[in-house]
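Heads up, entry36.csv below (CSV, C-alpha atoms and all ligand atoms):
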```csv
chain,number,residue,atom,x,y,z
L,6,MET,CA,101.7,113.1,93.1
L,7,LYS,CA,100.4,113.8,89.6
L,8,LEU,CA,99.6,110.9,87.4
L,9,PHE,CA,100.6,112.7,84.2
L,10,ARG,CA,104.0,114.4,84.5
L,11,LEU,CA,104.4,117.2,81.8
L,12,ASP,CA,108.0,117.8,83.1
L,13,ARG,CA,108.9,114.2,82.5
L,14,LEU,CA,107.5,114.4,78.9
L,15,ALA,CA,109.5,117.5,78.2
L,16,TRP,CA,112.6,115.9,79.6
L,17,ILE,CA,112.2,112.9,77.3
L,18,PHE,CA,111.3,115.2,74.3
L,19,MET,CA,114.6,117.2,74.8
L,20,ARG,CA,116.6,114.0,74.5
L,21,VAL,CA,114.7,112.4,71.6
L,22,SER,CA,114.5,115.6,69.6
L,23,GLY,CA,118.2,116.4,70.3
L,24,PHE,CA,119.3,113.1,69.0
L,25,ILE,CA,117.3,113.5,65.7
L,26,LEU,CA,118.3,117.1,65.3
L,27,ILE,CA,122.0,116.1,65.1
L,28,GLY,CA,121.4,114.3,61.8
L,29,LEU,CA,119.0,116.9,60.5
L,30,ILE,CA,121.2,119.9,61.3
L,31,PHE,CA,124.5,118.4,60.2
L,32,THR,CA,122.8,117.5,56.9
L,33,HIS,CA,121.3,121.0,56.5
L,34,LEU,CA,124.7,122.6,57.1
L,35,THR,CA,126.5,120.2,54.8
L,36,VAL,CA,124.1,120.8,51.9
L,37,ASN,CA,123.9,124.6,52.5
L,38,LEU,CA,127.4,125.6,53.6
L,39,MET,CA,129.8,122.9,52.2
L,40,GLN,CA,128.3,121.7,49.0
L,41,ASP,CA,129.2,123.5,45.7
L,42,GLY,CA,129.8,127.2,46.4
L,43,GLY,CA,128.7,127.0,50.0
L,44,VAL,CA,126.8,130.0,51.4
L,45,LYS,CA,127.6,132.0,48.1
L,46,ALA,CA,125.5,129.5,46.1
L,47,ILE,CA,122.3,130.1,48.0
L,48,ASP,CA,119.6,132.0,46.1
L,49,PHE,CA,116.0,131.7,45.1
L,50,ALA,CA,116.7,129.1,42.4
L,51,PHE,CA,118.6,127.0,44.8
L,52,VAL,CA,115.9,127.0,47.5
L,53,ALA,CA,113.0,126.7,45.0
L,54,GLY,CA,114.8,123.7,43.4
L,55,LYS,CA,115.2,122.0,46.8
L,56,LEU,CA,111.7,122.7,48.0
L,57,ALA,CA,110.2,121.4,44.7
L,58,ASP,CA,111.3,117.9,46.0
L,59,PRO,CA,109.0,116.3,48.6
L,60,PHE,CA,112.0,114.9,50.4
L,61,TRP,CA,113.4,118.3,51.3
L,62,GLN,CA,109.9,119.6,52.1
L,63,TRP,CA,109.4,116.9,54.8
L,64,PHE,CA,113.0,117.2,55.9
L,65,ASP,CA,112.7,121.0,56.4
L,66,VAL,CA,109.3,120.7,58.1
L,67,THR,CA,110.7,118.1,60.6
L,68,LEU,CA,113.7,120.3,61.2
L,69,LEU,CA,111.5,123.4,61.7
L,70,TRP,CA,109.1,121.8,64.2
L,71,LEU,CA,111.8,119.9,66.2
L,72,ALA,CA,114.3,122.8,66.4
L,73,LEU,CA,111.6,125.3,67.4
L,74,ILE,CA,110.0,123.1,70.0
L,75,HIS,CA,113.3,121.9,71.4
L,76,GLY,CA,114.7,125.5,71.4
L,77,SER,CA,111.6,127.1,73.0
L,78,ASN,CA,111.3,124.4,75.6
L,79,GLY,CA,115.0,125.0,76.4
L,80,MET,CA,114.3,128.8,76.7
L,81,ARG,CA,111.3,128.0,79.0
L,82,VAL,CA,113.8,126.3,81.4
L,83,VAL,CA,116.2,129.2,81.1
L,84,ILE,CA,113.5,131.8,81.9
L,85,ASP,CA,112.3,129.7,84.8
L,86,ASP,CA,115.8,129.7,86.2
L,87,TYR,CA,116.5,133.5,86.0
L,88,VAL,CA,113.1,135.3,86.2
L,89,TYR,CA,111.7,135.3,89.7
L,90,ARG,CA,108.7,137.7,89.5
L,91,PRO,CA,105.6,135.6,88.7
L,92,GLY,CA,104.0,138.3,86.5
L,93,VAL,CA,107.1,138.8,84.4
L,94,LYS,CA,107.7,135.1,84.2
L,95,ARG,CA,104.2,134.4,83.0
L,96,GLY,CA,104.4,137.2,80.4
L,97,LEU,CA,107.7,135.8,79.0
L,98,PHE,CA,106.2,132.3,78.8
L,99,VAL,CA,103.2,133.6,76.9
L,100,ALA,CA,105.4,135.6,74.5
L,101,LEU,CA,107.6,132.5,74.0
L,102,GLY,CA,104.6,130.3,73.2
L,103,VAL,CA,103.0,132.8,70.9
L,104,SER,CA,106.1,133.5,68.9
L,105,THR,CA,107.0,129.8,68.6
L,106,ALA,CA,103.5,129.0,67.4
L,107,MET,CA,103.6,131.8,64.8
L,108,LEU,CA,107.0,130.8,63.5
L,109,ILE,CA,105.9,127.1,63.2
L,110,VAL,CA,102.8,128.1,61.2
L,111,LEU,CA,104.8,130.6,59.0
L,112,GLY,CA,107.6,128.2,58.3
L,113,THR,CA,105.3,125.3,57.5
L,114,LEU,CA,103.3,127.5,55.1
L,115,VAL,CA,106.5,128.7,53.4
L,116,ILE,CA,107.7,125.2,52.8
L,117,PHE,CA,104.4,123.8,51.4
L,118,THR,CA,103.1,126.8,49.4
L,119,LEU,CA,106.3,128.0,47.7
L,120,ASP,CA,105.8,128.4,43.9
L,121,PRO,CA,109.2,127.6,42.3
L,122,CYS,CA,108.2,129.4,39.1
L,123,PRO,CA,106.2,132.5,40.0
L,124,VAL,CA,104.8,134.2,36.9
L,125,GLY,CA,106.4,137.5,35.9
L,126,SER,CA,109.7,136.8,37.5
L,127,PRO,CA,112.8,137.0,35.3
L,128,ALA,CA,113.8,133.5,34.2
L,129,GLU,CA,117.5,134.0,35.3
L,130,LEU,CA,116.3,134.1,38.9
L,131,LEU,CA,114.3,130.9,38.7
L,132,PRO,CA,115.3,127.2,38.7
L,133,SER,CA,116.2,125.9,35.3
L,134,PHE,CA,113.3,123.5,35.1
L,135,CYS,CA,110.9,126.5,35.0
L,136,SER,CA,111.7,127.3,31.4
L,137,ALA,CA,111.8,123.6,30.3
L,138,SER,CA,108.6,123.5,28.4
B,14,MET,CA,124.9,133.7,89.8
B,15,PHE,CA,124.3,130.3,88.2
B,16,ARG,CA,121.6,129.1,90.7
B,17,GLY,CA,119.5,126.1,90.0
B,18,THR,CA,122.1,123.7,88.6
B,19,LEU,CA,123.1,120.4,89.9
B,20,TYR,CA,126.7,120.7,88.7
B,21,ARG,CA,129.3,122.5,90.6
B,22,GLY,CA,132.8,123.6,89.5
B,23,HIS,CA,135.2,122.2,86.9
B,24,GLU,CA,134.2,120.4,83.7
B,25,GLY,CA,130.7,119.8,84.9
B,26,MET,CA,130.0,123.5,85.3
B,27,TRP,CA,131.8,124.6,82.2
B,28,SER,CA,130.0,122.2,80.0
B,29,TRP,CA,126.7,123.3,81.5
B,30,VAL,CA,127.4,127.0,81.0
B,31,LEU,CA,128.5,126.4,77.4
B,32,HIS,CA,125.6,124.2,76.7
B,33,ARG,CA,123.2,126.9,77.9
B,34,ILE,CA,124.9,129.8,76.1
B,35,THR,CA,125.1,127.9,72.8
B,36,GLY,CA,121.4,126.8,73.1
B,37,ILE,CA,120.3,130.4,73.7
B,38,ALA,CA,122.4,131.7,70.8
B,39,ILE,CA,121.1,129.1,68.3
B,40,TYR,CA,117.6,129.8,69.4
B,41,PHE,CA,117.8,133.5,68.6
B,42,PHE,CA,119.5,132.7,65.3
B,43,LEU,CA,116.6,130.4,64.4
B,44,LEU,CA,114.0,133.1,65.1
B,45,VAL,CA,115.7,135.4,62.5
B,46,HIS,CA,116.4,132.4,60.2
B,47,VAL,CA,112.8,131.4,59.8
B,48,LEU,CA,111.9,135.0,59.0
B,49,ASP,CA,114.7,135.5,56.5
B,50,THR,CA,113.8,132.2,54.8
B,51,ALA,CA,110.1,133.3,54.7
B,52,THR,CA,111.1,136.1,52.2
B,53,VAL,CA,111.5,133.3,49.6
B,54,ARG,CA,107.7,133.1,49.5
B,55,ILE,CA,107.3,136.8,48.8
B,56,ASP,CA,109.6,137.5,45.9
B,57,PRO,CA,112.6,135.8,44.3
B,58,HIS,CA,114.5,139.1,44.0
B,59,LEU,CA,113.8,140.1,47.6
B,60,TYR,CA,115.1,136.7,48.8
B,61,ASN,CA,118.3,137.1,46.8
B,62,VAL,CA,118.9,140.6,48.3
B,63,VAL,CA,118.3,139.2,51.8
B,64,MET,CA,120.7,136.3,51.2
B,65,ALA,CA,123.3,138.6,49.9
B,66,SER,CA,123.7,139.9,53.4
B,67,TYR,CA,124.7,136.4,54.5
B,68,LYS,CA,127.6,136.4,52.0
B,69,THR,CA,129.6,139.3,53.4
B,70,PRO,CA,132.9,138.6,55.2
B,71,ILE,CA,131.5,139.6,58.6
B,72,MET,CA,128.5,137.4,58.3
B,73,GLY,CA,130.8,134.6,57.0
B,74,LEU,CA,132.6,134.8,60.3
B,75,GLY,CA,129.3,134.9,62.2
B,76,GLU,CA,128.3,131.7,60.4
B,77,ALA,CA,131.6,130.1,61.5
B,78,VAL,CA,130.8,131.1,65.1
B,79,LEU,CA,127.3,129.8,64.8
B,80,VAL,CA,128.5,126.4,63.4
B,81,ALA,CA,131.0,126.2,66.2
B,82,ALA,CA,128.2,126.7,68.8
B,83,ILE,CA,125.9,124.1,67.1
B,84,VAL,CA,128.6,121.5,66.8
B,85,PHE,CA,129.5,121.9,70.5
B,86,HIS,CA,125.8,121.9,71.6
B,87,ALA,CA,125.2,118.8,69.5
B,88,PHE,CA,128.1,116.7,70.8
B,89,ASN,CA,127.7,117.9,74.4
B,90,GLY,CA,124.0,117.2,74.1
B,91,LEU,CA,124.8,113.7,73.0
B,92,ARG,CA,127.1,113.4,76.1
B,93,ILE,CA,124.3,114.6,78.4
B,94,ILE,CA,121.9,112.0,76.9
B,95,LEU,CA,124.5,109.2,77.4
B,96,VAL,CA,125.3,110.3,80.9
B,97,ASP,CA,121.6,110.2,81.8
B,98,MET,CA,121.1,106.9,80.2
B,99,THR,CA,124.0,104.7,81.0
B,100,ALA,CA,125.9,104.1,84.2
B,101,TRP,CA,129.1,103.7,82.3
B,102,ALA,CA,128.8,107.2,80.8
B,103,SER,CA,128.0,108.8,84.1
B,104,ARG,CA,131.1,107.2,85.6
B,105,HIS,CA,133.2,108.6,82.7
B,106,HIS,CA,131.4,111.9,82.2
B,107,ARG,CA,134.6,113.9,82.6
B,108,ALA,CA,136.5,111.9,80.0
B,109,LEU,CA,133.5,112.2,77.7
B,110,PHE,CA,133.6,115.9,78.0
B,111,TYR,CA,137.2,115.9,76.7
B,112,GLY,CA,135.9,113.5,74.0
B,113,VAL,CA,133.3,116.2,73.1
B,114,LEU,CA,136.1,118.8,72.8
B,115,VAL,CA,138.2,116.5,70.5
B,116,LEU,CA,135.2,115.7,68.2
B,117,TRP,CA,134.4,119.4,68.1
B,118,THR,CA,138.0,120.2,67.1
B,119,VAL,CA,138.0,117.6,64.4
B,120,VAL,CA,134.7,118.8,62.8
B,121,MET,CA,135.8,122.5,63.0
B,122,VAL,CA,139.1,121.7,61.3
B,123,ALA,CA,137.2,120.0,58.5
B,124,PHE,CA,134.6,122.7,58.3
B,125,LEU,CA,136.5,126.0,58.6
B,126,PRO,CA,138.9,125.9,55.6
B,127,ARG,CA,136.2,125.1,53.2
B,128,HIS,CA,133.7,127.6,54.6
B,129,LEU,CA,136.3,130.4,54.8
B,130,MET,CA,137.4,129.6,51.2
B,131,HIS,CA,133.8,130.1,50.1
B,132,VAL,CA,133.4,133.4,52.0
B,133,PHE,CA,136.8,134.9,51.2
B,134,GLY,CA,137.8,133.2,48.0
B,135,GLY,CA,136.7,134.8,44.7
R,1,LIG,C1,122.1,119.5,67.4
R,1,LIG,C2,121.3,118.7,68.1
R,1,LIG,C3,121.0,119.0,69.5
R,1,LIG,C4,121.1,118.2,70.6
R,1,LIG,C5,121.8,116.8,70.6
R,1,LIG,C6,120.6,118.9,71.8
R,1,LIG,C7,120.6,118.4,73.1
R,1,LIG,C8,120.1,119.1,74.2
R,1,LIG,C9,120.0,118.5,75.5
R,1,LIG,C10,120.3,117.0,75.8
R,1,LIG,C11,119.6,119.5,76.3
R,1,LIG,C12,119.4,119.4,77.8
R,1,LIG,C13,117.9,119.2,78.2
R,1,LIG,C14,117.7,119.0,79.7
R,1,LIG,O1,118.7,119.3,80.4
R,1,LIG,O2,116.6,118.6,80.0
R,1,LIG,C15,119.4,120.7,75.5
R,1,LIG,C16,119.1,121.9,76.0
R,1,LIG,C17,118.8,123.0,75.3
R,1,LIG,N1,118.9,123.1,73.9
R,1,LIG,FE1,119.5,121.7,72.7
R,1,LIG,N2,120.2,120.2,71.4
R,1,LIG,C18,120.3,120.3,70.0
R,1,LIG,C19,119.9,121.4,69.2
R,1,LIG,C20,119.4,122.6,69.7
R,1,LIG,C21,118.9,123.7,68.9
R,1,LIG,C22,118.9,123.7,67.4
R,1,LIG,C23,118.5,124.7,69.7
R,1,LIG,C24,118.0,126.0,69.4
R,1,LIG,C25,117.0,126.2,68.5
R,1,LIG,C26,118.8,124.2,71.1
R,1,LIG,C27,118.5,124.9,72.2
R,1,LIG,C28,118.6,124.4,73.5
R,1,LIG,C29,118.3,125.2,74.7
R,1,LIG,C30,117.9,126.7,74.8
R,1,LIG,C31,118.5,124.4,75.8
R,1,LIG,C32,118.3,124.7,77.3
R,1,LIG,C33,119.6,124.9,77.9
R,1,LIG,C34,119.6,124.9,79.4
R,1,LIG,O3,118.6,124.6,80.1
R,1,LIG,O4,120.6,125.2,80.0
R,1,LIG,N3,119.3,122.9,71.0
R,1,LIG,N4,119.8,120.4,74.2
R,2,LIG,C1,124.7,129.6,58.5
R,2,LIG,C2,124.1,128.5,58.5
R,2,LIG,C3,122.8,128.2,57.7
R,2,LIG,C4,122.5,128.5,56.4
R,2,LIG,C5,123.4,129.1,55.4
R,2,LIG,C6,121.1,128.0,56.2
R,2,LIG,C7,120.5,128.1,55.0
R,2,LIG,C8,119.1,127.8,54.8
R,2,LIG,C9,118.4,127.8,53.6
R,2,LIG,C10,119.1,128.2,52.2
R,2,LIG,C11,117.2,127.5,53.8
R,2,LIG,C12,116.1,127.3,52.7
R,2,LIG,C13,115.5,125.9,52.6
R,2,LIG,C14,116.6,124.9,52.4
R,2,LIG,O1,117.7,125.1,52.0
R,2,LIG,O2,116.3,123.7,52.8
R,2,LIG,C15,117.0,127.2,55.2
R,2,LIG,C16,115.9,126.8,55.8
R,2,LIG,C17,115.8,126.4,57.1
R,2,LIG,N1,116.8,126.3,58.0
R,2,LIG,FE1,118.7,126.9,57.7
R,2,LIG,N2,120.6,127.5,57.4
R,2,LIG,C18,121.6,127.6,58.3
R,2,LIG,C19,121.6,127.2,59.6
R,2,LIG,C20,120.4,126.6,60.2
R,2,LIG,C21,120.4,126.1,61.6
R,2,LIG,C22,121.5,126.1,62.6
R,2,LIG,C23,119.1,125.7,61.8
R,2,LIG,C24,118.5,125.0,63.0
R,2,LIG,C25,118.6,125.4,64.2
R,2,LIG,C26,118.4,125.9,60.6
R,2,LIG,C27,117.0,125.6,60.4
R,2,LIG,C28,116.3,125.9,59.2
R,2,LIG,C29,114.9,125.6,59.1
R,2,LIG,C30,113.9,125.1,60.2
R,2,LIG,C31,114.6,126.0,57.7
R,2,LIG,C32,113.1,125.9,57.1
R,2,LIG,C33,112.5,127.3,57.3
R,2,LIG,C34,111.1,127.4,56.8
R,2,LIG,O3,110.3,126.6,57.3
R,2,LIG,O4,110.8,128.3,56.0
R,2,LIG,N3,119.2,126.5,59.6
R,2,LIG,N4,118.2,127.4,55.8
```

Would you give me this structure, written as structure tokens?
Amino acid sequence: MKLFRLDRLAWIFMRVSGFILIGLIFTHLTVNLMQDGGVKAIDFAFVAGKLADPFWQWFDVTLLWLALIHGSNGMRVVIDDYVYRPGVKRGLFVALGVSTAMLIVLGTLVIFTLDPCPVGSPAELLPSFCSAS
Amino acid sequence: MFRGTLYRGHEGMWSWVLHRITGIAIYFFLLVHVLDTATVRIDPHLYNVVMASYKTPIMGLGEAVLVAAIVFHAFNGLRIILVDMTAWASRHHRALFYGVLVLWTVVMVAFLPRHLMHVFGG
């Protein structure tokens, strides 16, 4: 018997992350689909305004990491259930791991490096605070 | 076809099949969603053009289906967690599954009119 059970850790992670994701996703959907004009109100100014606030930066980063790791770990189980050929299985696991890592890096960079007032962009596309001074 | 499950037949199997299908669907949405959100970092105008495709009637219906899938996966996931953790919930897992369907209906009834109004209203 192994001392350190990775399966057990994954099992616990699915439950803890799932529980936290309920709050994060329901909030995400309420703010982006229900508030004000709903999906029609989403544009660069809306997103840049949100991500200028550290609260939403950390909120989105937590959502990004938890949802991607929870989802890809779930997909690992699904692949494990339906793919029998070892070579194909290993290939899919690698593809899953690589794409998850790339999306986590990309999404994290987007959240923390977004410039809400890029120079040269027309003011009507930007959040109102860009033209404040 | 559904090998490798502990559940067999009836509510147990249906909730398991639905949980798996919704999980997979949300996962593929999330792959695309992180990429479409990333265009916000490239150019404001580009992001607005990409987001415009989310505002069409067909995508609006797609968003409704996505939300339906997530709300089910969330409440059913909570049921799975409870059933694994407490003896009371594992005795009543069938009743809890109907509880999931009731909660799902309540949330969708609250969500759909407002969302569809945003999508189809002026
Ligand atoms: C909303 C909050 C969520 C909760 C409460 C939740 C809960 C759960 C639970 C308890 C499991 C079962 C894990 C196991 O049997 O070991 C699971 C599986 C899974 N979840 Fe989630 N989850 C949530 C969100 C998500 C999201 C956002 C995604 C996609 C990105 C996702 C994708 C999956 C997948 C693919 C599986 C594997 C299904 C299977 O093995 O049949 N879930 N979830
Ligand atoms: C149709 C429904 C959805 C809409 C309209 C929507 C809209 C948005 C918008 C406008 C952003 C930009 C940042 C922000 O507003 O905080 C965003 C980011 C994000 N959304 Fe959603 N979202 C939806 C569903 C979801 C779901 C179901 C998930 C989780 C499974 C999710 C996960 C994320 C993540 C992780 C980010 C940050 C991406 C990054 O790091 O660049 N979204 N979403």

Select the residues contacting ligand LIG 1 (chain R) at a distance of at most 6 Å, based on all atoms listed in the file, then format the selection as a short mmCIF file (atom, residue, chain, number, x, y, z; two decimals) with C-alpha atoms, in the coordinates of the input.
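And here is the file that came out, pocket-v4.cif:
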```cif
data_model
loop_
_atom_site.label_atom_id
_atom_site.label_comp_id
_atom_site.auth_asym_id
_atom_site.auth_seq_id
_atom_site.Cartn_x
_atom_site.Cartn_y
_atom_site.Cartn_z
CA TRP L 16 112.60 115.90 79.60
CA MET L 19 114.60 117.20 74.80
CA ARG L 20 116.60 114.00 74.50
CA GLY L 23 118.20 116.40 70.30
CA PHE L 24 119.30 113.10 69.00
CA LEU L 26 118.30 117.10 65.30
CA ILE L 27 122.00 116.10 65.10
CA ALA L 72 114.30 122.80 66.40
CA LEU L 73 111.60 125.30 67.40
CA HIS L 75 113.30 121.90 71.40
CA GLY L 76 114.70 125.50 71.40
CA GLY L 79 115.00 125.00 76.40
CA MET L 80 114.30 128.80 76.70
CA VAL L 82 113.80 126.30 81.40
CA VAL L 83 116.20 129.20 81.10
CA ARG B 33 123.20 126.90 77.90
CA GLY B 36 121.40 126.80 73.10
CA ILE B 37 120.30 130.40 73.70
CA ILE B 39 121.10 129.10 68.30
CA TYR B 40 117.60 129.80 69.40
CA LEU B 43 116.60 130.40 64.40
CA ILE B 83 125.90 124.10 67.10
CA HIS B 86 125.80 121.90 71.60
CA ALA B 87 125.20 118.80 69.50
CA GLY B 90 124.00 117.20 74.10
CA LEU B 91 124.80 113.70 73.00
CA ILE B 93 124.30 114.60 78.40
CA ILE B 94 121.90 112.00 76.90
#
```

I need the residue nearest Trp29 in chain B from this list: B:Met130, B:Asn89, B:Met64, B:Gly112. Use all atoms listed in the file for the distance. B:Asn89

Report as a short mmCIF file (atom, residue, chain, number, x, y, z; two decimals) with C-alpha atoms, in the frame of the given file which protein, DNA and RNA residues come within 8 Å of ligand LIG 2 (chain R), using all atoms listed in the file.
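Output contents, as saved in selection.cif:
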```
data_model
loop_
_atom_site.label_atom_id
_atom_site.label_comp_id
_atom_site.auth_asym_id
_atom_site.auth_seq_id
_atom_site.Cartn_x
_atom_site.Cartn_y
_atom_site.Cartn_z
CA ILE L 30 121.20 119.90 61.30
CA HIS L 33 121.30 121.00 56.50
CA LEU L 34 124.70 122.60 57.10
CA VAL L 36 124.10 120.80 51.90
CA ASN L 37 123.90 124.60 52.50
CA LEU L 38 127.40 125.60 53.60
CA GLY L 43 128.70 127.00 50.00
CA VAL L 44 126.80 130.00 51.40
CA ILE L 47 122.30 130.10 48.00
CA ASP L 48 119.60 132.00 46.10
CA PHE L 51 118.60 127.00 44.80
CA VAL L 52 115.90 127.00 47.50
CA LYS L 55 115.20 122.00 46.80
CA LEU L 56 111.70 122.70 48.00
CA TRP L 61 113.40 118.30 51.30
CA GLN L 62 109.90 119.60 52.10
CA PHE L 64 113.00 117.20 55.90
CA ASP L 65 112.70 121.00 56.40
CA VAL L 66 109.30 120.70 58.10
CA THR L 67 110.70 118.10 60.60
CA LEU L 68 113.70 120.30 61.20
CA LEU L 69 111.50 123.40 61.70
CA TRP L 70 109.10 121.80 64.20
CA ALA L 72 114.30 122.80 66.40
CA LEU L 73 111.60 125.30 67.40
CA ILE L 109 105.90 127.10 63.20
CA LEU L 111 104.80 130.60 59.00
CA GLY L 112 107.60 128.20 58.30
CA THR L 113 105.30 125.30 57.50
CA LEU L 114 103.30 127.50 55.10
CA VAL L 115 106.50 128.70 53.40
CA ILE L 116 107.70 125.20 52.80
CA ILE B 39 121.10 129.10 68.30
CA TYR B 40 117.60 129.80 69.40
CA PHE B 42 119.50 132.70 65.30
CA LEU B 43 116.60 130.40 64.40
CA HIS B 46 116.40 132.40 60.20
CA VAL B 47 112.80 131.40 59.80
CA LEU B 48 111.90 135.00 59.00
CA THR B 50 113.80 132.20 54.80
CA ALA B 51 110.10 133.30 54.70
CA TYR B 67 124.70 136.40 54.50
CA GLY B 75 129.30 134.90 62.20
CA GLU B 76 128.30 131.70 60.40
CA ALA B 77 131.60 130.10 61.50
CA LEU B 79 127.30 129.80 64.80
CA VAL B 80 128.50 126.40 63.40
CA ILE B 83 125.90 124.10 67.10
#
```

Distance CA of Thr118 in chain L-CA of Pro57 in chain B, one decimal place?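 Atom-to-atom, CA of Thr118 in chain L to CA of Pro57 in chain B, that is 14.0 Å.
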
CA of Lys94 in chain L to CA of Leu71 in chain L, distance in Å rounded to a single decimal: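 Between CA of Lys94 in chain L and CA of Leu71 in chain L the gap works out to 23.9 Å.
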
In Å to one decimal, how far is CA of Leu44 in chain B from CA of Asn78 in chain L?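 Atom-to-atom, CA of Asn78 in chain L and CA of Leu44 in chain B are spaced 13.9 Å apart.
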
Quick one: of L:Arg81, L:Arg90, L:Leu131, L:Thr32, who's nearest to chain B, counting only C-alpha atoms?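 Residue with the minimum atom-to-atom distance to chain B: L:Leu131.
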
When distances are computed from all atoms listed in the file, which of L:Leu97, L:Ala15, L:Leu119, L:Met107 shows the smallest separation from chain B?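 Of the candidates, the smallest distance to chain B is held by L:Leu119.
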
Neighbour list for His105 in chain B as a list in words, cut-off 12 Å, all atoms listed in the file, skip fewer than 4 positions in-chain: Glu24, Gly25, Arg92, Ile93, Leu95, Val96, Asp97, Thr99, Ala100, Trp101, Leu109, Phe110, Tyr111 and Gly112 of chain B

So that I have them on file, write out the residues from the current selection with C-alpha atoms, as a compact mmCIF listing (two decimals), keeping the file's coordinate frame.
```
# COMPACT_ATOMS: atom_id res chain seq x y z
CA GLU B 24 134.20 120.40 83.70
CA GLY B 25 130.70 119.80 84.90
CA ARG B 92 127.10 113.40 76.10
CA ILE B 93 124.30 114.60 78.40
CA LEU B 95 124.50 109.20 77.40
CA VAL B 96 125.30 110.30 80.90
CA ASP B 97 121.60 110.20 81.80
CA THR B 99 124.00 104.70 81.00
CA ALA B 100 125.90 104.10 84.20
CA TRP B 101 129.10 103.70 82.30
CA LEU B 109 133.50 112.20 77.70
CA PHE B 110 133.60 115.90 78.00
CA TYR B 111 137.20 115.90 76.70
CA GLY B 112 135.90 113.50 74.00
```

Determine the nearest neighbour of Gly102 in chain L from the options L:Cys122, L:Ala53, L:Ile74, L:Phe31, counting all atoms listed in the file.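 Under the stated criterion, the closest residue is L:Ile74.
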
Identify, on the basis of only C-alpha atoms, every residue whose closest approach to Glu129 in chain L does not exceed 12 Å; exclude the query and any residue fewer than 3 positions from it along the same chain; express the result as a ChimeraX atom specification. /L:48-51,122,125-126,132-136 /B:57-58,61

Between L:Leu11, L:Met39, L:Ala128, L:Ile25, which one has atoms that come closest to chain B, using all atoms listed in the file?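 Closest to chain B of all the choices is L:Met39.
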
Nearest residue to chain B out of L:Pro59, L:Leu101, L:Lys45, L:Phe117, using only C-alpha atoms?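 Among L:Pro59, L:Leu101, L:Lys45, L:Phe117, it is L:Lys45 that comes nearest to chain B.
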